[in-house]
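S.K.: Enclosed is the structure file target37.txt (compact mmCIF, C-alpha atoms).
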```txt
# COMPACT_ATOMS: atom_id res chain seq x y z
CA MET A 1 -0.01 17.69 1.29
CA SER A 2 -1.17 21.10 0.25
CA ASP A 3 -1.33 21.81 -3.46
CA LYS A 4 -1.23 25.50 -2.69
CA CYS A 5 1.82 27.29 -4.06
CA VAL A 6 3.27 30.78 -4.39
CA LEU A 7 4.45 31.88 -7.84
CA ILE A 8 6.80 34.82 -8.26
CA LEU A 9 5.12 36.53 -11.20
CA SER A 10 7.18 39.24 -12.85
CA GLY A 11 4.81 39.98 -15.71
CA GLY A 12 7.32 38.61 -18.22
CA MET A 13 7.14 35.54 -20.48
CA ASP A 14 8.73 32.92 -18.25
CA SER A 15 6.70 33.39 -15.08
CA GLY A 16 3.61 34.04 -17.23
CA THR A 17 4.09 30.67 -18.90
CA LEU A 18 4.71 29.03 -15.52
CA LEU A 19 1.41 30.45 -14.24
CA PHE A 20 -0.53 28.65 -16.99
CA ASP A 21 1.60 25.53 -16.51
CA LEU A 22 0.85 25.36 -12.77
CA LEU A 23 -2.87 25.95 -13.30
CA GLU A 24 -2.93 23.13 -15.81
CA GLN A 25 -1.23 20.91 -13.21
CA GLY A 26 -4.04 21.73 -10.80
CA TYR A 27 -2.22 23.96 -8.33
CA ASP A 28 -3.97 26.55 -6.24
CA VAL A 29 -1.68 29.46 -7.19
CA LEU A 30 -1.03 32.63 -5.17
CA THR A 31 0.89 35.09 -7.36
CA LEU A 32 3.42 37.51 -5.93
CA SER A 33 5.18 40.44 -7.63
CA PHE A 34 7.87 42.80 -6.38
CA ASN A 35 8.12 46.52 -6.78
CA TYR A 36 11.80 47.13 -6.12
CA GLY A 37 11.85 50.38 -8.04
CA GLN A 38 12.60 48.67 -11.35
CA ARG A 39 12.80 50.93 -14.39
CA HIS A 40 10.41 48.56 -16.13
CA ASN A 41 7.86 48.62 -13.31
CA LYS A 42 5.31 48.60 -16.07
CA GLU A 43 5.64 44.81 -15.85
CA LEU A 44 3.71 44.99 -12.56
CA SER A 45 0.49 46.09 -14.29
CA TYR A 46 0.98 43.18 -16.71
CA ALA A 47 1.40 40.76 -13.80
CA LYS A 48 -1.76 42.08 -12.16
CA ALA A 49 -3.78 41.86 -15.39
CA LEU A 50 -2.56 38.32 -16.08
CA ALA A 51 -3.49 37.17 -12.57
CA GLU A 52 -6.94 38.74 -12.95
CA PHE A 53 -7.31 37.16 -16.39
CA VAL A 54 -6.90 33.66 -14.94
CA GLY A 55 -8.69 34.50 -11.69
CA VAL A 56 -5.94 33.98 -9.09
CA SER A 57 -4.87 36.26 -6.24
CA HIS A 58 -2.09 38.79 -6.82
CA GLN A 59 0.03 40.42 -4.14
CA VAL A 60 2.67 43.11 -4.66
CA ALA A 61 5.52 43.36 -2.16
CA ASP A 62 6.48 47.03 -2.12
CA LEU A 63 10.21 47.46 -1.61
CA GLN A 64 10.49 50.91 -3.18
CA SER A 65 11.68 52.46 0.07
CA LEU A 66 14.83 50.32 -0.27
CA THR A 67 15.74 51.08 -3.88
CA ALA A 68 18.16 53.96 -3.34
CA GLU A 69 20.26 52.36 -0.61
CA PHE A 70 20.01 48.64 -1.38
CA PHE A 71 19.92 48.34 -5.17
CA LYS A 72 22.74 50.58 -6.35
CA GLY A 73 24.68 50.22 -9.58
CA SER A 74 22.13 48.33 -11.68
CA SER A 75 20.66 49.84 -14.83
CA GLN A 76 17.29 48.52 -13.70
CA THR A 77 17.14 50.33 -10.37
CA ASP A 78 19.70 53.13 -10.54
CA ALA A 79 18.73 56.04 -12.83
CA SER A 80 22.39 57.01 -13.20
CA VAL A 81 23.14 53.73 -15.05
CA GLU A 82 21.82 53.41 -18.63
CA VAL A 83 20.13 50.22 -19.87
CA PRO A 84 22.69 48.49 -22.12
CA GLU A 85 21.69 47.58 -25.67
CA GLY A 86 22.77 44.44 -27.49
CA HIS A 87 22.52 40.71 -27.04
CA TYR A 88 22.30 39.01 -23.64
CA ALA A 89 25.54 37.22 -24.34
CA GLU A 90 27.42 40.48 -24.05
CA GLU A 91 29.36 41.34 -20.95
CA ASN A 92 27.71 44.74 -20.57
CA MET A 93 24.39 43.02 -19.84
CA LYS A 94 25.80 42.44 -16.35
CA LEU A 95 24.88 46.06 -15.71
CA THR A 96 21.28 44.86 -15.53
CA VAL A 97 21.97 42.64 -12.50
CA VAL A 98 20.12 43.94 -9.41
CA PRO A 99 22.09 43.19 -6.20
CA ASN A 100 20.92 39.87 -4.75
CA ARG A 101 17.48 40.29 -6.30
CA ASN A 102 16.40 36.66 -6.44
CA MET A 103 17.44 35.78 -2.90
CA ILE A 104 15.40 38.72 -1.64
CA MET A 105 12.38 37.72 -3.72
CA LEU A 106 12.66 34.06 -2.71
CA SER A 107 13.06 34.86 0.99
CA LEU A 108 9.92 37.01 0.98
CA ALA A 109 8.05 34.47 -1.14
CA ILE A 110 8.90 31.80 1.46
CA ALA A 111 7.51 34.02 4.25
CA TYR A 112 4.41 34.62 2.14
CA ALA A 113 4.07 30.86 1.58
CA ILE A 114 4.40 30.10 5.31
CA SER A 115 1.93 32.87 6.17
CA ASN A 116 -0.58 31.43 3.72
CA LYS A 117 0.04 27.73 4.40
CA ALA A 118 1.51 27.00 0.98
CA SER A 119 4.29 24.42 0.75
CA LYS A 120 6.02 25.46 -2.48
CA VAL A 121 7.48 28.56 -4.08
CA PHE A 122 7.85 28.55 -7.86
CA TYR A 123 9.99 30.91 -9.90
CA GLY A 124 10.77 31.12 -13.57
CA ALA A 125 14.58 31.11 -13.62
CA HIS A 126 15.79 29.57 -16.86
CA ALA A 127 18.89 28.46 -18.71
CA GLY A 128 19.17 31.45 -21.01
CA ASP A 129 19.86 33.74 -18.09
CA HIS A 130 22.79 31.84 -16.66
CA ALA A 131 25.68 33.67 -18.23
CA ILE A 132 24.46 37.03 -16.95
CA TYR A 133 22.44 36.38 -13.82
CA PRO A 134 24.24 34.54 -11.02
CA ASP A 135 20.96 34.01 -9.19
CA CYS A 136 19.40 32.05 -12.06
CA ARG A 137 22.08 29.35 -11.91
CA LYS A 138 21.28 25.81 -10.83
CA VAL A 139 23.91 25.92 -8.05
CA PHE A 140 22.21 28.99 -6.59
CA VAL A 141 18.75 27.43 -6.73
CA GLU A 142 20.11 24.30 -5.03
CA ALA A 143 21.72 26.35 -2.25
CA MET A 144 18.48 28.25 -1.72
CA GLN A 145 16.48 25.02 -1.68
CA LYS A 146 18.77 23.77 1.11
CA ALA A 147 18.33 27.00 3.08
CA ALA A 148 14.55 26.89 2.52
CA GLN A 149 14.43 23.47 4.20
CA LEU A 150 16.07 24.92 7.31
CA CYS A 151 14.82 28.49 7.64
CA ASP A 152 11.56 27.77 9.42
CA TRP A 153 9.79 24.95 11.22
CA ASN A 154 7.55 24.84 8.14
CA PRO A 155 9.92 23.79 5.35
CA VAL A 156 9.10 25.22 1.93
CA ASP A 157 10.24 23.79 -1.41
CA ILE A 158 11.71 26.07 -4.03
CA GLU A 159 10.89 24.91 -7.54
CA ALA A 160 12.37 26.32 -10.73
CA PRO A 161 11.02 23.89 -13.36
CA TYR A 162 12.32 25.90 -16.34
CA LEU A 163 15.89 25.95 -15.08
CA ASP A 164 17.15 23.63 -17.82
CA MET A 165 14.99 25.05 -20.59
CA THR A 166 15.80 27.77 -23.08
CA LYS A 167 13.53 30.71 -23.84
CA VAL A 168 12.63 29.01 -27.13
CA GLU A 169 11.50 25.87 -25.29
CA ILE A 170 9.56 27.84 -22.67
CA LEU A 171 7.72 29.72 -25.40
CA HIS A 172 7.04 26.43 -27.18
CA ARG A 173 5.40 25.10 -24.05
CA GLY A 174 3.50 28.35 -23.51
CA LEU A 175 2.11 28.33 -27.04
CA ASP A 176 0.75 24.84 -26.33
CA LEU A 177 -0.80 26.20 -23.13
CA LYS A 178 -2.32 29.13 -25.08
CA VAL A 179 -0.61 31.77 -22.95
CA PRO A 180 -1.75 35.24 -24.14
CA TYR A 181 1.76 36.65 -24.66
CA GLY A 182 0.35 40.05 -25.60
CA MET A 183 -0.37 40.30 -21.88
CA THR A 184 3.30 39.85 -20.89
CA TRP A 185 5.99 42.54 -20.75
CA THR A 186 9.67 41.90 -21.43
CA CYS A 187 11.47 45.14 -22.35
CA TYR A 188 13.96 46.47 -19.79
CA LYS A 189 13.36 50.06 -20.78
CA GLY A 190 9.70 50.09 -19.83
CA GLY A 191 8.65 52.59 -22.49
CA GLU A 192 5.28 52.74 -24.21
CA LYS A 193 6.26 50.01 -26.66
CA PRO A 194 9.07 47.44 -26.37
CA CYS A 195 12.35 49.04 -27.52
CA GLY A 196 13.45 46.03 -29.57
CA LYS A 197 17.09 46.80 -28.74
CA CYS A 198 17.76 45.68 -25.18
CA GLY A 199 18.96 42.13 -24.55
CA SER A 200 15.61 41.18 -23.13
CA CYS A 201 13.71 42.33 -26.26
CA GLN A 202 16.21 40.60 -28.53
CA GLU A 203 15.91 37.31 -26.71
CA ARG A 204 12.12 37.49 -26.90
CA ALA A 205 12.20 38.23 -30.64
CA GLU A 206 14.54 35.28 -31.23
CA ALA A 207 12.25 32.93 -29.28
CA PHE A 208 9.21 33.93 -31.36
CA ALA A 209 11.17 33.66 -34.61
CA LYS A 210 12.42 30.18 -33.73
CA ASN A 211 8.84 29.13 -32.91
CA ASP A 212 7.69 30.51 -36.30
CA THR A 213 5.17 32.75 -34.56
CA VAL A 214 4.46 36.47 -34.49
CA ASP A 215 4.80 38.14 -31.09
CA PRO A 216 1.40 39.60 -30.16
CA GLY A 217 3.15 41.94 -27.70
CA LEU A 218 5.12 44.00 -30.21
CA GLU A 219 2.74 46.93 -30.00
CA GLY A 220 2.74 46.84 -26.18
CA ALA A 221 -0.09 47.33 -23.71
CA ALA A 222 -2.46 44.66 -24.98
CA HIS A 223 -4.47 44.72 -21.79
CA VAL A 224 -4.68 48.39 -20.84
CA MET B 1 40.31 43.12 0.88
CA SER B 2 37.80 45.56 2.21
CA ASP B 3 37.43 45.74 5.97
CA LYS B 4 34.01 47.27 5.51
CA CYS B 5 31.17 45.17 6.84
CA VAL B 6 27.42 45.31 7.39
CA LEU B 7 26.09 44.43 10.85
CA ILE B 8 22.47 43.52 11.39
CA LEU B 9 21.80 45.52 14.56
CA SER B 10 18.56 44.69 16.31
CA GLY B 11 19.06 46.88 19.34
CA GLY B 12 19.36 43.83 21.59
CA MET B 13 22.30 42.50 23.60
CA ASP B 14 23.87 40.13 21.07
CA SER B 15 24.15 42.43 18.06
CA GLY B 16 25.00 45.30 20.42
CA THR B 17 27.92 43.29 21.78
CA LEU B 18 28.95 42.33 18.25
CA LEU B 19 29.04 46.01 17.28
CA PHE B 20 31.62 46.76 19.95
CA ASP B 21 33.49 43.55 19.11
CA LEU B 22 33.77 44.48 15.41
CA LEU B 23 34.87 48.03 16.18
CA GLU B 24 37.58 46.65 18.44
CA GLN B 25 38.70 44.41 15.60
CA GLY B 26 39.06 47.51 13.41
CA TYR B 27 36.13 47.02 11.04
CA ASP B 28 34.44 49.88 9.27
CA VAL B 29 30.87 48.97 10.34
CA LEU B 30 27.64 49.91 8.57
CA THR B 31 24.71 49.04 10.84
CA LEU B 32 21.36 47.92 9.49
CA SER B 33 18.07 47.43 11.33
CA PHE B 34 14.72 46.12 10.15
CA ASN B 35 11.29 47.45 10.85
CA TYR B 36 9.11 44.46 10.04
CA GLY B 37 6.26 45.65 12.22
CA GLN B 38 7.65 43.94 15.33
CA ARG B 39 5.69 44.48 18.52
CA HIS B 40 8.94 45.47 20.19
CA ASN B 41 9.85 48.05 17.52
CA LYS B 42 11.10 50.10 20.41
CA GLU B 43 14.37 48.19 19.86
CA LEU B 44 14.86 50.29 16.72
CA SER B 45 15.35 53.50 18.70
CA TYR B 46 17.89 51.62 20.84
CA ALA B 47 19.74 50.46 17.72
CA LYS B 48 19.82 54.01 16.36
CA ALA B 49 21.05 55.46 19.66
CA LEU B 50 23.74 52.78 19.98
CA ALA B 51 25.00 53.44 16.44
CA GLU B 52 25.10 57.18 17.16
CA PHE B 53 26.86 56.56 20.45
CA VAL B 54 29.78 54.81 18.71
CA GLY B 55 29.61 57.06 15.63
CA VAL B 56 28.74 54.58 12.85
CA SER B 57 26.08 54.82 10.14
CA HIS B 58 22.65 53.35 10.78
CA GLN B 59 20.11 52.37 8.14
CA VAL B 60 16.59 51.09 8.74
CA ALA B 61 14.99 48.84 6.13
CA ASP B 62 11.29 49.56 6.35
CA LEU B 63 9.25 46.42 5.66
CA GLN B 64 6.11 47.50 7.50
CA SER B 65 4.02 47.38 4.34
CA LEU B 66 4.61 43.60 4.32
CA THR B 67 3.72 42.80 7.94
CA ALA B 68 0.06 41.87 7.53
CA GLU B 69 0.45 39.54 4.54
CA PHE B 70 3.95 38.12 5.02
CA PHE B 71 4.45 37.75 8.76
CA LYS B 72 1.29 36.06 9.97
CA GLY B 73 0.95 33.89 13.06
CA SER B 74 3.87 35.19 15.12
CA SER B 75 3.30 36.89 18.46
CA GLN B 76 5.88 39.47 17.39
CA THR B 77 4.13 40.66 14.23
CA ASP B 78 0.52 39.53 14.52
CA ALA B 79 -1.55 41.44 17.09
CA SER B 80 -3.99 38.53 17.35
CA VAL B 81 -1.27 36.29 18.88
CA GLU B 82 -0.21 37.03 22.48
CA VAL B 83 3.44 37.09 23.54
CA PRO B 84 4.01 33.86 25.49
CA GLU B 85 5.46 34.07 28.99
CA GLY B 86 7.93 31.64 30.47
CA HIS B 87 11.35 30.29 29.70
CA TYR B 88 12.82 30.04 26.20
CA ALA B 89 13.04 26.29 26.59
CA GLU B 90 9.28 26.02 26.49
CA GLU B 91 7.50 24.89 23.37
CA ASN B 92 5.15 27.87 23.34
CA MET B 93 8.09 30.20 22.66
CA LYS B 94 7.83 28.97 19.06
CA LEU B 95 4.92 31.41 18.78
CA THR B 96 7.54 34.16 18.70
CA VAL B 97 9.10 32.85 15.46
CA VAL B 98 8.56 35.34 12.60
CA PRO B 99 8.22 33.51 9.26
CA ASN B 100 11.62 33.26 7.57
CA ARG B 101 12.82 36.41 9.33
CA ASN B 102 16.56 35.83 9.23
CA MET B 103 16.72 34.82 5.56
CA ILE B 104 14.87 38.01 4.68
CA MET B 105 17.19 40.14 6.82
CA LEU B 106 20.32 38.41 5.50
CA SER B 107 19.24 38.70 1.86
CA LEU B 108 18.65 42.44 2.22
CA ALA B 109 21.86 42.86 4.21
CA ILE B 110 23.75 41.18 1.35
CA ALA B 111 22.21 43.62 -1.16
CA TYR B 112 23.12 46.49 1.15
CA ALA B 113 26.68 45.15 1.42
CA ILE B 114 27.03 44.84 -2.38
CA SER B 115 25.55 48.32 -2.87
CA ASN B 116 28.07 49.75 -0.42
CA LYS B 117 31.09 47.67 -1.43
CA ALA B 118 31.29 45.75 1.82
CA SER B 119 32.42 42.13 1.69
CA LYS B 120 30.91 40.74 4.89
CA VAL B 121 27.59 40.61 6.67
CA PHE B 122 27.62 39.95 10.41
CA TYR B 123 24.70 38.84 12.51
CA GLY B 124 24.37 37.93 16.15
CA ALA B 125 22.74 34.49 15.98
CA HIS B 126 23.77 32.45 18.99
CA ALA B 127 23.53 29.03 20.55
CA GLY B 128 20.85 29.84 23.10
CA ASP B 129 18.32 30.47 20.36
CA HIS B 130 18.69 27.14 18.61
CA ALA B 131 15.88 25.19 20.17
CA ILE B 132 13.32 27.83 19.26
CA TYR B 133 14.61 29.65 16.20
CA PRO B 134 15.33 27.48 13.16
CA ASP B 135 17.14 30.35 11.46
CA CYS B 136 19.71 30.67 14.24
CA ARG B 137 20.98 27.11 13.72
CA LYS B 138 24.44 26.42 12.40
CA VAL B 139 23.07 24.35 9.50
CA PHE B 140 20.96 27.30 8.40
CA VAL B 141 23.86 29.75 8.60
CA GLU B 142 26.00 27.32 6.57
CA ALA B 143 23.32 26.99 3.89
CA MET B 144 22.98 30.77 3.68
CA GLN B 145 26.75 31.18 3.48
CA LYS B 146 26.74 28.83 0.49
CA ALA B 147 23.92 30.78 -1.18
CA ALA B 148 25.68 34.09 -0.42
CA GLN B 149 28.71 32.87 -2.38
CA LEU B 150 26.53 32.27 -5.45
CA CYS B 151 23.84 34.96 -5.39
CA ASP B 152 25.81 37.74 -7.06
CA TRP B 153 29.02 38.30 -9.00
CA ASN B 154 30.25 40.00 -5.80
CA PRO B 155 30.32 37.19 -3.26
CA VAL B 156 29.57 38.24 0.31
CA ASP B 157 30.53 36.31 3.45
CA ILE B 158 28.00 35.73 6.17
CA GLU B 159 29.58 35.68 9.61
CA ALA B 160 27.86 34.68 12.83
CA PRO B 161 30.75 34.63 15.31
CA TYR B 162 28.53 34.06 18.37
CA LEU B 163 26.89 30.98 16.91
CA ASP B 164 28.57 28.61 19.38
CA MET B 165 28.35 30.93 22.38
CA THR B 166 25.68 31.14 25.04
CA LYS B 167 24.07 34.38 26.19
CA VAL B 168 26.16 34.17 29.35
CA GLU B 169 29.36 34.00 27.32
CA ILE B 170 28.32 36.81 24.99
CA LEU B 171 27.56 39.05 27.96
CA HIS B 172 30.90 38.11 29.50
CA ARG B 173 32.65 39.29 26.36
CA GLY B 174 30.51 42.44 26.20
CA LEU B 175 31.30 43.38 29.78
CA ASP B 176 35.00 43.19 28.87
CA LEU B 177 34.27 45.44 25.88
CA LYS B 178 32.39 47.87 28.16
CA VAL B 179 29.16 47.64 26.16
CA PRO B 180 26.60 50.02 27.71
CA TYR B 181 23.84 47.44 28.15
CA GLY B 182 21.44 50.07 29.45
CA MET B 183 21.34 51.14 25.80
CA THR B 184 20.10 47.74 24.59
CA TRP B 185 16.51 46.48 24.52
CA THR B 186 15.54 42.84 24.95
CA CYS B 187 11.90 42.53 26.04
CA TYR B 188 9.50 41.08 23.47
CA LYS B 189 6.58 43.05 24.80
CA GLY B 190 8.06 46.44 24.05
CA GLY B 191 6.40 48.23 26.97
CA GLU B 192 7.82 51.19 28.89
CA LYS B 193 9.98 48.93 31.03
CA PRO B 194 11.07 45.33 30.37
CA CYS B 195 8.26 42.95 31.48
CA GLY B 196 10.62 40.49 33.17
CA LYS B 197 8.33 37.61 32.22
CA CYS B 198 8.85 36.83 28.55
CA GLY B 199 11.50 34.30 27.55
CA SER B 200 13.71 37.04 26.25
CA CYS B 201 13.67 38.97 29.56
CA GLN B 202 14.26 35.78 31.54
CA GLU B 203 17.27 34.79 29.46
CA ARG B 204 18.74 38.27 29.87
CA ALA B 205 18.23 38.19 33.65
CA GLU B 206 19.92 34.78 33.86
CA ALA B 207 22.90 36.01 31.86
CA PHE B 208 23.44 38.99 34.18
CA ALA B 209 23.00 36.84 37.27
CA LYS B 210 25.54 34.30 36.04
CA ASN B 211 27.99 37.12 35.32
CA ASP B 212 27.41 38.48 38.88
CA THR B 213 26.38 41.86 37.50
CA VAL B 214 23.35 44.09 37.76
CA ASP B 215 21.52 44.80 34.50
CA PRO B 216 21.61 48.56 33.90
CA GLY B 217 18.63 48.19 31.54
CA LEU B 218 16.05 47.10 34.13
CA GLU B 219 14.45 50.51 34.28
CA GLY B 220 14.31 50.79 30.46
CA ALA B 221 14.95 53.74 28.19
CA ALA B 222 18.45 54.67 29.38
CA HIS B 223 19.07 56.77 26.28
CA VAL B 224 15.82 58.60 25.65
```
Translate this file's structure into structure tokens.
M.R.:
Amino acid sequence: MSDKCVLILSGGMDSGTLLFDLLEQGYDVLTLSFNYGQRHNKELSYAKALAEFVGVSHQVADLQSLTAEFFKGSSQTDASVEVPEGHYAEENMKLTVVPNRNMIMLSLAIAYAISNKASKVFYGAHAGDHAIYPDCRKVFVEAMQKAAQLCDWNPVDIEAPYLDMTKVEILHRGLDLKVPYGMTWTCYKGGEKPCGKCGSCQERAEAFAKNDTVDPGLEGAAHV
Amino acid sequence: MSDKCVLILSGGMDSGTLLFDLLEQGYDVLTLSFNYGQRHNKELSYAKALAEFVGVSHQVADLQSLTAEFFKGSSQTDASVEVPEGHYAEENMKLTVVPNRNMIMLSLAIAYAISNKASKVFYGAHAGDHAIYPDCRKVFVEAMQKAAQLCDWNPVDIEAPYLDMTKVEILHRGLDLKVPYGMTWTCYKGGEKPCGKCGSCQERAEAFAKNDTVDPGLEGAAHV
């Protein structure tokens, strides 16, 4: 069995932690990021720098030509929709949902895995996202895992090992793994520094506070 | 309930027939084609012409930037692999399988449906393909239908009404619907005229023969 895997690396905390986790487990990791025209496409330079930092390959799938027609109505891909402020728990955070984003990323990651003879695709979906993001739910991951077993003569496993963990727990693990969190980007607004107001920034701040640690990423752009 | 739907239109016989079928059923059809760097990308001009002929919108999702890294090893997307000749039933036809193609197309079609407030995605998978194409099997379509119900807060139905039909039966229906088959492209080689030797050409020829009809597409390029 191949120990080669594809990791969907967004440049954020969860997939960044998973990268270090998989390397510790001995996987040969191919990292894959997506440019779907996200407002916070700044995260892509963080993903690239993180992959270079640990010395693994990094591929960007460029879907920008699809943004206008395929990803309407989300604050993250549609300039006419503002990024909501406030806690993740709030209903208005649903504005940040990008139409069918994770299925698209997983389907391309599976093709990338097959093309490169990897047998697993990892992604960093986690419990904290469930209320807002339908495609981070366990039922969705299970349905995709079923489809991934049938989609090609080379079955690929989809693994989301942080599915039942909270952001606080993921950060706890990452601190043990010495993940350089100053090299990860979380803010949905994608400005020079994290805004501190969007749901994504708030959740990150909470996770650091509950781990009694200072976030090294507060000033932004640690690597550039 | 919206009667707006998205149809994945390849430019071939099956999705071409389905287009006429859906219009007869009264659907408001948005057609969607994919340029994934297929050798027979000629089919795209057929899809466009067919959509124009019946007066519906036509969108092309351009995935060419992904071809080299994501779609390796298939005769249809990898210039180093030759298109096999012979009947579909033959094992070597598996060389024509493009890694995870249908999941990728369906996932983007779902995003396109959500973005355009359509509630269904149709595609022309059919029984004749099953032995060769894993992503035309009923079990795969069922798994994707499950995932499509969970992937977004706007559930989308995946419909493959020709799943249990043979090519002969689909053509029979299309002839009733007066589909202009000279405006569809089938050959995997994508030359000036159909090669007549690839599995795809052979299956088409059989279907016309069994319907006691002459194929108006034998000379190619009816619309250009």
S.K.: Go through B:Arg204, B:Lys120, B:Lys72, B:Lys189 and flag the residue nearest chain A, using only C-alpha atoms for the distances.
M.R.: B:Lys72
S.K.: Mind checking which residues fall within 9 Å of Glu43 in chain B, counting all atoms listed in the file, ignoring those fewer than 2 positions away in the same chain, and posting them as a tab-separated table (two decimals) with C-alpha atoms, keeping the file's coordinate frame?
M.R.:
```tsv
chain	number	residue	atom	x	y	z
B	10	SER	CA	18.56	44.69	16.31
B	11	GLY	CA	19.06	46.88	19.34
B	12	GLY	CA	19.36	43.83	21.59
B	40	HIS	CA	8.94	45.47	20.19
B	41	ASN	CA	9.85	48.05	17.52
B	45	SER	CA	15.35	53.50	18.70
B	46	TYR	CA	17.89	51.62	20.84
B	47	ALA	CA	19.74	50.46	17.72
B	48	LYS	CA	19.82	54.01	16.36
B	184	THR	CA	20.10	47.74	24.59
B	185	TRP	CA	16.51	46.48	24.52
B	186	THR	CA	15.54	42.84	24.95
B	187	CYS	CA	11.90	42.53	26.04
B	190	GLY	CA	8.06	46.44	24.05
```
S.K.: Leaving out range 135-141 of chain B and any residue of its chain fewer than 2 positions from it, which residues lie within 8 Å of it when counting all atoms listed in the file, given as a PyMOL selection string?
M.R.: (chain A and resi 147+150-152) or (chain B and resi 100-103+125-127+129-130+133+143-145+158+160+163)
S.K.: Env of Phe20 in chain B: 7 Å cut, atoms = all atoms listed in the file, seq-sep filter 4 positions within chain, self excluded. Answer as an MDAnalysis selection string.
M.R.: chainID B and resid 16 24 177 179
S.K.: With distances taken over all atoms listed in the file, which of B:Ser15, B:Asn211, B:Ser80, B:Thr31 is nearest to Val56 in chain B?
M.R.: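 Answer, going by the shortest atom-to-atom distance: B:Thr31.
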S.K.: May I ask which of the residues A:Gly128, A:Pro161, A:Gly73, A:Gly182 is the closest one to chain B, counting all atoms listed in the file?
M.R.: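 Checking each of A:Gly128, A:Pro161, A:Gly73, A:Gly182 against chain B, counting all atoms listed in the file, the winner is A:Gly73.
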S.K.: CA of Lys42 in chain A and CA of Asp14 in chain A are how many Å apart?
M.R.: 16.2 Å
S.K.: What is the CA of Ala148 in chain B-CA of Leu30 in chain B distance in Å, reported with one decimal?
M.R.: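 These two atoms are separated by 18.3 Å.
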S.K.: Is it possible to add N, CA and C atoms to range 53-66 of chain A and hand it back as a PDB file, in the coordinates of the input?
M.R.:
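And here's result.pdb as it stands now:
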```pdb
ATOM      1  N   PHE A  53      -6.830  37.874 -15.196  1.00  0.00           N
ATOM      2  CA  PHE A  53      -7.310  37.160 -16.390  1.00  0.00           C
ATOM      3  C   PHE A  53      -7.602  35.688 -16.069  1.00  0.00           C
ATOM      4  N   VAL A  54      -6.703  35.077 -15.268  1.00  0.00           N
ATOM      5  CA  VAL A  54      -6.900  33.660 -14.940  1.00  0.00           C
ATOM      6  C   VAL A  54      -7.619  33.463 -13.599  1.00  0.00           C
ATOM      7  N   GLY A  55      -7.896  34.582 -12.920  1.00  0.00           N
ATOM      8  CA  GLY A  55      -8.690  34.500 -11.690  1.00  0.00           C
ATOM      9  C   GLY A  55      -7.953  33.995 -10.463  1.00  0.00           C
ATOM     10  N   VAL A  56      -6.663  34.353 -10.316  1.00  0.00           N
ATOM     11  CA  VAL A  56      -5.940  33.980  -9.090  1.00  0.00           C
ATOM     12  C   VAL A  56      -5.557  35.251  -8.324  1.00  0.00           C
ATOM     13  N   SER A  57      -5.218  35.087  -7.041  1.00  0.00           N
ATOM     14  CA  SER A  57      -4.870  36.260  -6.240  1.00  0.00           C
ATOM     15  C   SER A  57      -3.523  36.825  -6.663  1.00  0.00           C
ATOM     16  N   HIS A  58      -3.347  38.129  -6.454  1.00  0.00           N
ATOM     17  CA  HIS A  58      -2.090  38.790  -6.820  1.00  0.00           C
ATOM     18  C   HIS A  58      -1.694  39.757  -5.721  1.00  0.00           C
ATOM     19  N   GLN A  59      -0.483  39.574  -5.216  1.00  0.00           N
ATOM     20  CA  GLN A  59       0.030  40.420  -4.140  1.00  0.00           C
ATOM     21  C   GLN A  59       1.292  41.113  -4.635  1.00  0.00           C
ATOM     22  N   VAL A  60       1.417  42.411  -4.329  1.00  0.00           N
ATOM     23  CA  VAL A  60       2.670  43.110  -4.660  1.00  0.00           C
ATOM     24  C   VAL A  60       3.415  43.426  -3.371  1.00  0.00           C
ATOM     25  N   ALA A  61       4.670  42.992  -3.299  1.00  0.00           N
ATOM     26  CA  ALA A  61       5.520  43.360  -2.160  1.00  0.00           C
ATOM     27  C   ALA A  61       6.214  44.670  -2.539  1.00  0.00           C
ATOM     28  N   ASP A  62       5.942  45.705  -1.781  1.00  0.00           N
ATOM     29  CA  ASP A  62       6.480  47.030  -2.120  1.00  0.00           C
ATOM     30  C   ASP A  62       7.802  47.275  -1.403  1.00  0.00           C
ATOM     31  N   LEU A  63       8.880  47.241  -2.173  1.00  0.00           N
ATOM     32  CA  LEU A  63      10.210  47.460  -1.610  1.00  0.00           C
ATOM     33  C   LEU A  63      10.815  48.778  -2.095  1.00  0.00           C
ATOM     34  N   GLN A  64       9.977  49.663  -2.585  1.00  0.00           N
ATOM     35  CA  GLN A  64      10.490  50.910  -3.180  1.00  0.00           C
ATOM     36  C   GLN A  64      11.291  51.756  -2.191  1.00  0.00           C
ATOM     37  N   SER A  65      10.954  51.636  -0.907  1.00  0.00           N
ATOM     38  CA  SER A  65      11.680  52.460   0.070  1.00  0.00           C
ATOM     39  C   SER A  65      13.143  52.027   0.178  1.00  0.00           C
ATOM     40  N   LEU A  66      13.456  50.847  -0.374  1.00  0.00           N
ATOM     41  CA  LEU A  66      14.830  50.320  -0.270  1.00  0.00           C
ATOM     42  C   LEU A  66      15.680  50.610  -1.503  1.00  0.00           C
TER      43      LEU A  66
END
```
